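Chemist: protein.pdb is the file, holding PDB, C-alpha atoms:
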ATOM      1  CA  MET I 292     -39.389  28.181  23.804
ATOM      2  CA  MET I 293     -40.752  24.863  22.580
ATOM      3  CA  GLU I 294     -38.475  22.855  20.297
ATOM      4  CA  ARG I 295     -39.249  20.149  17.763
ATOM      5  CA  LYS I 296     -37.146  17.587  15.951
ATOM      6  CA  ILE I 297     -37.051  16.971  12.232
ATOM      7  CA  TYR I 298     -35.363  14.092  10.409
ATOM      8  CA  LEU I 299     -33.363  13.999   7.200
ATOM      9  CA  ILE I 300     -33.388  10.557   5.558
ATOM     10  CA  LEU I 301     -30.793   9.813   2.880
ATOM     11  CA  THR I 302     -31.045   6.531   0.987
ATOM     12  CA  ASP I 303     -29.576   4.432  -1.776
ATOM     13  CA  THR I 304     -32.338   2.242  -3.189
ATOM     14  CA  GLY I 305     -30.104   0.494  -5.699
ATOM     15  CA  THR I 306     -32.374   1.128  -8.674
ATOM     16  CA  ILE I 307     -30.995   1.645 -12.165
ATOM     17  CA  PHE I 308     -31.872   5.330 -11.939
ATOM     18  CA  THR I 309     -29.995   5.860  -8.651
ATOM     19  CA  ARG I 310     -27.007   3.925 -10.015
ATOM     20  CA  LEU I 311     -26.908   6.318 -12.968
ATOM     21  CA  ILE I 312     -26.978   9.286 -10.585
ATOM     22  CA  LYS I 313     -24.201   7.703  -8.497
ATOM     23  CA  MET I 314     -21.999   7.559 -11.598
ATOM     24  CA  TYR I 315     -22.004  11.362 -11.459
ATOM     25  CA  THR I 316     -22.097  12.041  -7.719
ATOM     26  CA  ARG I 317     -19.821   9.155  -6.623
ATOM     27  CA  LYS I 318     -21.562   9.409  -3.236
ATOM     28  CA  PRO I 319     -23.253   6.617  -1.228
ATOM     29  CA  TYR I 320     -26.711   8.226  -0.939
ATOM     30  CA  ASN I 321     -28.653   9.702  -3.830
ATOM     31  CA  HIS I 322     -32.187  10.178  -2.508
ATOM     32  CA  ALA I 323     -33.323  12.616   0.195
ATOM     33  CA  SER I 324     -36.528  12.762   2.249
ATOM     34  CA  LEU I 325     -37.836  14.628   5.286
ATOM     35  CA  SER I 326     -39.910  13.494   8.240
ATOM     36  CA  PHE I 327     -41.374  15.511  11.093
ATOM     37  CA  ASP I 328     -42.003  12.648  13.518
ATOM     38  CA  SER I 329     -39.658  10.112  15.115
ATOM     39  CA  HIS I 330     -41.861   7.190  14.010
ATOM     40  CA  PHE I 331     -41.494   8.191  10.333
ATOM     41  CA  LEU I 332     -45.219   7.844   9.769
ATOM     42  CA  GLN I 333     -45.071  10.723   7.290
ATOM     43  CA  VAL I 334     -42.016  10.902   5.029
ATOM     44  CA  TYR I 335     -42.004  13.552   2.305
ATOM     45  CA  SER I 336     -40.001  13.807  -0.898
ATOM     46  CA  PHE I 337     -40.140  14.070  -4.673
ATOM     47  CA  GLY I 338     -39.708  10.798  -6.476
ATOM     48  CA  ARG I 339     -41.406   8.087  -8.471
ATOM     49  CA  LYS I 340     -45.135   7.650  -7.922
ATOM     50  CA  ARG I 341     -45.057   4.100  -9.223
ATOM     51  CA  GLN I 342     -42.367   1.776  -7.944
ATOM     52  CA  ARG I 343     -41.606   0.238 -11.330
ATOM     53  CA  ASN I 344     -41.717   3.433 -13.374
ATOM     54  CA  PRO I 345     -38.987   6.048 -12.677
ATOM     55  CA  PHE I 346     -40.383   8.439 -15.281
ATOM     56  CA  ILE I 347     -43.703   9.176 -13.560
ATOM     57  CA  GLY I 348     -42.836  11.236 -10.505
ATOM     58  CA  GLY I 349     -43.799  14.142  -8.321
ATOM     59  CA  PHE I 350     -44.611  14.898  -4.698
ATOM     60  CA  VAL I 351     -44.722  11.649  -2.714
ATOM     61  CA  LYS I 352     -45.382  10.463   0.832
ATOM     62  CA  GLU I 353     -43.014   7.557   1.274
ATOM     63  CA  SER I 354     -43.004   4.538   3.565
ATOM     64  CA  VAL I 355     -39.851   3.226   5.254
ATOM     65  CA  SER I 356     -41.475  -0.157   5.881
ATOM     66  CA  LYS I 357     -42.371  -1.077   2.305
ATOM     67  CA  GLY I 358     -41.501  -0.235  -1.256
ATOM     68  CA  LEU I 359     -38.111   1.020  -2.400
ATOM     69  CA  LEU I 360     -36.996   2.392   0.969
ATOM     70  CA  GLN I 361     -37.621  -0.809   2.917
ATOM     71  CA  ASN I 362     -34.361  -2.497   1.896
ATOM     72  CA  ALA I 363     -32.353   0.622   1.100
ATOM     73  CA  SER I 364     -29.038   1.624   2.608
ATOM     74  CA  CYS I 365     -29.676   4.746   4.635
ATOM     75  CA  ALA I 366     -28.286   7.486   6.832
ATOM     76  CA  ILE I 367     -30.714   9.233   9.169
ATOM     77  CA  TYR I 368     -30.017  12.653  10.663
ATOM     78  CA  SER I 369     -31.938  14.816  13.119
ATOM     79  CA  CYS I 370     -31.902  18.426  14.250
ATOM     80  CA  HIS I 371     -33.799  20.628  16.662
ATOM     81  CA  VAL I 372     -35.978  23.425  15.271
ATOM     82  CA  THR I 373     -38.221  26.003  16.864
ATOM     83  CA  GLU I 374     -41.990  25.740  16.761
ATOM     84  CA  GLU I 375     -42.071  28.639  14.290
ATOM     85  CA  GLN I 376     -39.607  26.916  11.943
ATOM     86  CA  TYR I 377     -41.537  23.675  12.248
ATOM     87  CA  GLN I 378     -44.835  25.333  11.350
ATOM     88  CA  LYS I 379     -43.354  27.201   8.369
ATOM     89  CA  MET I 380     -42.049  23.983   6.872
ATOM     90  CA  GLN I 381     -45.303  22.129   7.554
ATOM     91  CA  GLU I 382     -47.310  24.895   5.898
ATOM     92  CA  PHE I 383     -45.058  24.862   2.835
ATOM     93  CA  ILE I 384     -45.399  21.086   2.436
ATOM     94  CA  SER I 385     -49.162  21.199   3.062
ATOM     95  CA  LYS I 386     -49.555  23.743   0.260
ATOM     96  CA  ILE I 387     -47.653  21.486  -2.148
ATOM     97  CA  GLU I 388     -49.671  18.462  -1.053
ATOM     98  CA  MET I 389     -52.960  20.274  -1.687
ATOM     99  CA  GLU I 390     -51.776  21.123  -5.207
ATOM    100  CA  LYS I 391     -49.766  17.969  -5.854
ATOM    101  CA  HIS I 392     -51.491  17.398  -9.184
ATOM    102  CA  ARG I 393     -49.626  20.474 -10.456
ATOM    103  CA  TYR I 394     -46.174  19.281  -9.394
ATOM    104  CA  ARG I 395     -43.774  17.126 -11.383
ATOM    105  CA  TYR I 396     -40.427  15.475 -10.786
ATOM    106  CA  ASN I 397     -37.636  17.712 -12.099
ATOM    107  CA  LEU I 398     -35.883  15.109 -14.234
ATOM    108  CA  LEU I 399     -34.428  17.801 -16.469
ATOM    109  CA  GLY I 400     -32.911  19.448 -13.404
ATOM    110  CA  VAL I 401     -31.221  16.171 -12.397
ATOM    111  CA  PHE I 402     -29.560  15.827 -15.802
ATOM    112  CA  ALA I 403     -28.478  19.496 -15.663
ATOM    113  CA  LEU I 404     -26.668  19.030 -12.321
ATOM    114  CA  PRO I 405     -23.329  17.789 -13.747
ATOM    115  CA  PHE I 406     -23.167  20.905 -15.901
ATOM    116  CA  GLN I 407     -24.224  23.286 -13.091
ATOM    117  CA  LYS I 408     -26.840  24.586 -15.482
ATOM    118  CA  LYS I 409     -29.565  26.496 -13.674
ATOM    119  CA  ILE I 410     -32.970  25.537 -15.033
ATOM    120  CA  ASN I 411     -35.988  27.212 -13.461
ATOM    121  CA  ARG I 412     -39.056  25.000 -13.760
ATOM    122  CA  SER I 413     -42.318  25.987 -12.153
ATOM    123  CA  HIS I 414     -43.899  23.338  -9.911
ATOM    124  CA  ALA I 415     -41.049  20.877 -10.340
ATOM    125  CA  PHE I 416     -38.473  19.499  -7.887
ATOM    126  CA  PHE I 417     -36.067  16.616  -7.604
ATOM    127  CA  CYS I 418     -35.630  15.128  -4.125
ATOM    128  CA  SER I 419     -32.724  17.149  -2.692
ATOM    129  CA  GLN I 420     -34.003  20.309  -4.366
ATOM    130  CA  PHE I 421     -37.315  19.836  -2.572
ATOM    131  CA  VAL I 422     -35.697  19.089   0.823
ATOM    132  CA  SER I 423     -33.371  22.073   0.494
ATOM    133  CA  THR I 424     -36.306  24.340  -0.372
ATOM    134  CA  VAL I 425     -38.333  23.139   2.624
ATOM    135  CA  LEU I 426     -35.380  23.685   4.984
ATOM    136  CA  SER I 427     -34.833  27.128   3.492
ATOM    137  CA  GLU I 428     -38.494  28.014   3.992
ATOM    138  CA  GLY I 429     -38.031  27.198   7.684
ATOM    139  CA  ASN I 430     -34.731  29.093   7.912
ATOM    140  CA  VAL I 431     -33.089  25.876   9.125
ATOM    141  CA  VAL I 432     -30.280  25.510   6.591
ATOM    142  CA  ASN I 433     -28.583  27.910   4.206
ATOM    143  CA  LEU I 434     -26.349  26.061   1.766
ATOM    144  CA  ASN I 435     -25.287  29.209  -0.112
ATOM    145  CA  LYS I 436     -26.246  27.754  -3.469
ATOM    146  CA  PRO I 437     -29.470  27.571  -5.479
ATOM    147  CA  ALA I 438     -31.707  24.650  -4.488
ATOM    148  CA  CYS I 439     -31.443  23.294  -8.045
ATOM    149  CA  PHE I 440     -27.728  22.634  -7.400
ATOM    150  CA  VAL I 441     -28.165  20.918  -4.007
ATOM    151  CA  THR I 442     -27.354  17.210  -3.814
ATOM    152  CA  PRO I 443     -28.094  14.718  -1.003
ATOM    153  CA  HIS I 444     -24.379  14.886  -0.160
ATOM    154  CA  ASP I 445     -24.687  18.645   0.450
ATOM    155  CA  LEU I 446     -27.552  18.025   2.864
ATOM    156  CA  GLN I 447     -25.625  15.233   4.594
ATOM    157  CA  HIS I 448     -22.882  17.635   5.658
ATOM    158  CA  SER I 449     -25.017  20.646   6.491
ATOM    159  CA  ASN I 450     -25.370  22.078   9.966
ATOM    160  CA  PRO I 451     -27.188  21.570  12.306
ATOM    161  CA  PHE I 452     -27.995  17.935  11.361
ATOM    162  CA  GLN I 453     -26.492  15.149  13.478
ATOM    163  CA  LEU I 454     -26.194  11.490  12.463
ATOM    164  CA  VAL I 455     -28.638   9.187  14.274
ATOM    165  CA  PHE I 456     -28.410   5.923  12.326
ATOM    166  CA  GLN I 457     -26.497   4.486   9.387
ATOM    167  CA  GLY I 458     -27.058   1.068   7.851
ATOM    168  CA  ARG I 459     -29.903  -0.886   6.281
ATOM    169  CA  MET I 460     -33.385   0.536   6.601
ATOM    170  CA  SER I 461     -34.697  -2.972   7.288
ATOM    171  CA  ASP I 462     -32.414  -3.213  10.358
ATOM    172  CA  PHE I 463     -33.679   0.139  11.581
ATOM    173  CA  ILE I 464     -37.282  -1.002  11.160
ATOM    174  CA  ASN I 465     -36.701  -4.317  12.938
ATOM    175  CA  VAL I 466     -35.137  -2.644  15.959
ATOM    176  CA  SER I 467     -37.825   0.023  16.085
ATOM    177  CA  GLU I 468     -40.672  -2.507  15.979
ATOM    178  CA  HIS I 469     -39.087  -4.575  18.749
ATOM    179  CA  HIS I 470     -38.637  -1.634  21.110
ATOM    180  CA  TYR I 471     -41.588   0.572  20.287
ATOM    181  CA  GLN I 472     -44.153  -0.985  22.623
ATOM    182  CA  ALA I 473     -41.622  -1.404  25.430
ATOM    183  CA  ALA I 474     -40.682   2.263  25.226
ATOM    184  CA  LEU I 475     -44.309   3.329  25.352
ATOM    185  CA  SER I 476     -45.123   1.147  28.352
ATOM    186  CA  ASP I 477     -42.087   2.481  30.220
ATOM    187  CA  ASN I 478     -43.089   6.039  29.340
ATOM    188  CA  HIS I 479     -39.682   6.706  27.816
ATOM    189  CA  ASP I 480     -38.656   8.553  24.697
ATOM    190  CA  TRP I 481     -38.950   5.952  21.901
ATOM    191  CA  PHE I 482     -36.415   7.514  19.569
ATOM    192  CA  GLY I 483     -33.853   7.976  22.342
ATOM    193  CA  LEU I 484     -34.126   4.291  23.267
ATOM    194  CA  LEU I 485     -33.912   3.266  19.635
ATOM    195  CA  TRP I 486     -30.825   5.392  19.080
ATOM    196  CA  ARG I 487     -29.024   3.850  22.062
ATOM    197  CA  LYS I 488     -30.022   0.300  21.042
ATOM    198  CA  ILE I 489     -28.866   0.695  17.460
ATOM    199  CA  TRP I 490     -25.474   2.045  18.363
ATOM    200  CA  SER I 491     -24.952  -0.802  20.854
ATOM    201  CA  ILE I 492     -25.302  -3.441  18.114
TER
END
Kindly present the structure from the file in structure tokens form.
Modeler:
Amino acid sequence: MMERKIYLILTDTGTIFTRLIKMYTRKPYNHASLSFDSHFLQVYSFGRKRQRNPFIGGFVKESVSKGLLQNASCAIYSCHVTEEQYQKMQEFISKIEMEKHRYRYNLLGVFALPFQKKINRSHAFFCSQFVSTVLSEGNVVNLNKPACFVTPHDLQHSNPFQLVFQGRMSDFINVSEHHYQAALSDNHDWFGLLWRKIWSI
């Protein structure tokens, strides 16, 4: 049976908003994203749509090479999934993307987290709520709690994800750019080479 890899990206962007969240969570990473390719060409999450305005948010396709993630502290995890799981998650995200004008960032849900107050809002997610829902749609992870209570820290310690890289996103990007063409010309697995190079630093 064909297998795929998916990637969980946890970050700390250092913004005022994430520092406020960290006051509650007391954890190093307070933003969660998903990618379905080892080059991180498509990174999905719920967050701010405008870099300088944390109050206008919704479904976003993020870039690891520019914007808030570029200089963020990060932890990157991967796990194997079946083709069926992969397709279910892709279909779920594609449906949200087609209707993204209807979706909003669940700011109220973020502020309800410390009180474990369940607030059901239609067409609204915060980042870890969205990632947890996508993983649940693919039957990849079951955290035994409602998605509105899931934090990036919960995702960080969920099976079957394994740590691939931890450090500055800019360091990850620099290493990947340096080795990408060499890996392609040698017909090797780019992400495998990158993983080995990073952990040898």
Chemist: Rank nothing, just name the residue among I:Lys296, I:Lys313, I:Lys391, I:Arg412 nearest to Val431 of chain I, using all atoms listed in the file.
Modeler: I:Lys296
Chemist: For the file shown, report as an MDAnalysis selection string the outcome of the PyMOL selection byres ((chain I and resi 453-458) around 6) at residue level.
Modeler: chainID I and resid 364:369 452 459
Chemist: Taking 3 positions as the minimum chain separation for residues in the same chain, which residues sit within 10 Å of Phe308 of chain I when counting all atoms listed in the file? Answer as a list in words.
Modeler: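 Close residues of Phe308 of chain I: Thr304, Gly305, Leu311, Ile312, Lys313, Asn321, Pro345 and Phe346 of chain I.
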Chemist: Considering all atoms listed in the file, can you say which of I:Gly400, I:Gly358, I:Pro319, I:Pro405 comes closest to Arg343 of chain I?
Modeler: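 Checking each of I:Gly400, I:Gly358, I:Pro319, I:Pro405 against Arg343 of chain I, counting all atoms listed in the file, the winner is I:Gly358.
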Chemist: Quick one: pull the distance between atom CA of Asn397 of chain I and atom CA of Ile347 of chain I, Å, one decimal.
Modeler: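 Taking atom CA of Asn397 of chain I and atom CA of Ile347 of chain I, their separation equals 10.6 Å.
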Chemist: Please, what distance in Å, to one decimal, runs between atom CA of Thr309 of chain I and atom CA of Tyr394 of chain I?
Modeler: 21.0 Å
Chemist: Given the point (-36.6, 17.9, 16.8) in the file's coordinates, find the residues that have an atom at most 12 Å from it, counting all atoms listed in the file, and give them as a list in words.
Modeler: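 Protein, DNA and RNA residues close to (-36.6, 17.9, 16.8): Met293, Glu294, Arg295, Lys296, Ile297, Tyr298, Leu299, Ser326, Phe327, Asp328, Ser329, Tyr368, Ser369, Cys370, His371, Val372, Thr373, Glu374, Gln376, Tyr377, Val431, Pro451, Phe452, Gln453, Phe482 and Gly483 of chain I.
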Chemist: Using only C-alpha atoms, which residues sit within 12 Å of Ala323 of chain I once same-chain residues fewer than 6 positions away are excluded, as a PyMOL selection string?
Modeler: chain I and resi 298-304+309+334-338+351+353+360+365-368+416-423+425+441-447
Chemist: Between atom CA of Leu332 of chain I and atom CA of Asn465 of chain I, measure the distance and give it in Å to one decimal.
Modeler: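 Atom CA of Asn465 of chain I lies 15.2 Å from atom CA of Leu332 of chain I.
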Chemist: For Gly348 of chain I, please output as a list in words all residues within 6 Å (counting all atoms listed in the file; exclusion window: fewer than 4 positions along the same chain).
Modeler: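 The residues satisfying every condition are Gly338, Arg339, Lys340 and Tyr396 of chain I.
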Chemist: Determine the nearest neighbour of Met314 of chain I from the options I:Lys408, I:Phe402, I:Lys436, I:Arg341, counting all atoms listed in the file.
Modeler: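 Answer, going by the shortest atom-to-atom distance: I:Phe402.
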Chemist: Point out the residue among I:Ala438, I:Ile387, I:Leu426, I:Met380 with the least atom-to-atom distance to Val401 of chain I, counting only C-alpha atoms.
Modeler: I:Ala438
Chemist: Using only C-alpha atoms, can you tell me which of I:Gln378, I:Cys439, I:Leu398, I:Phe331 comes closest to Ile410 of chain I?
Modeler: I:Cys439
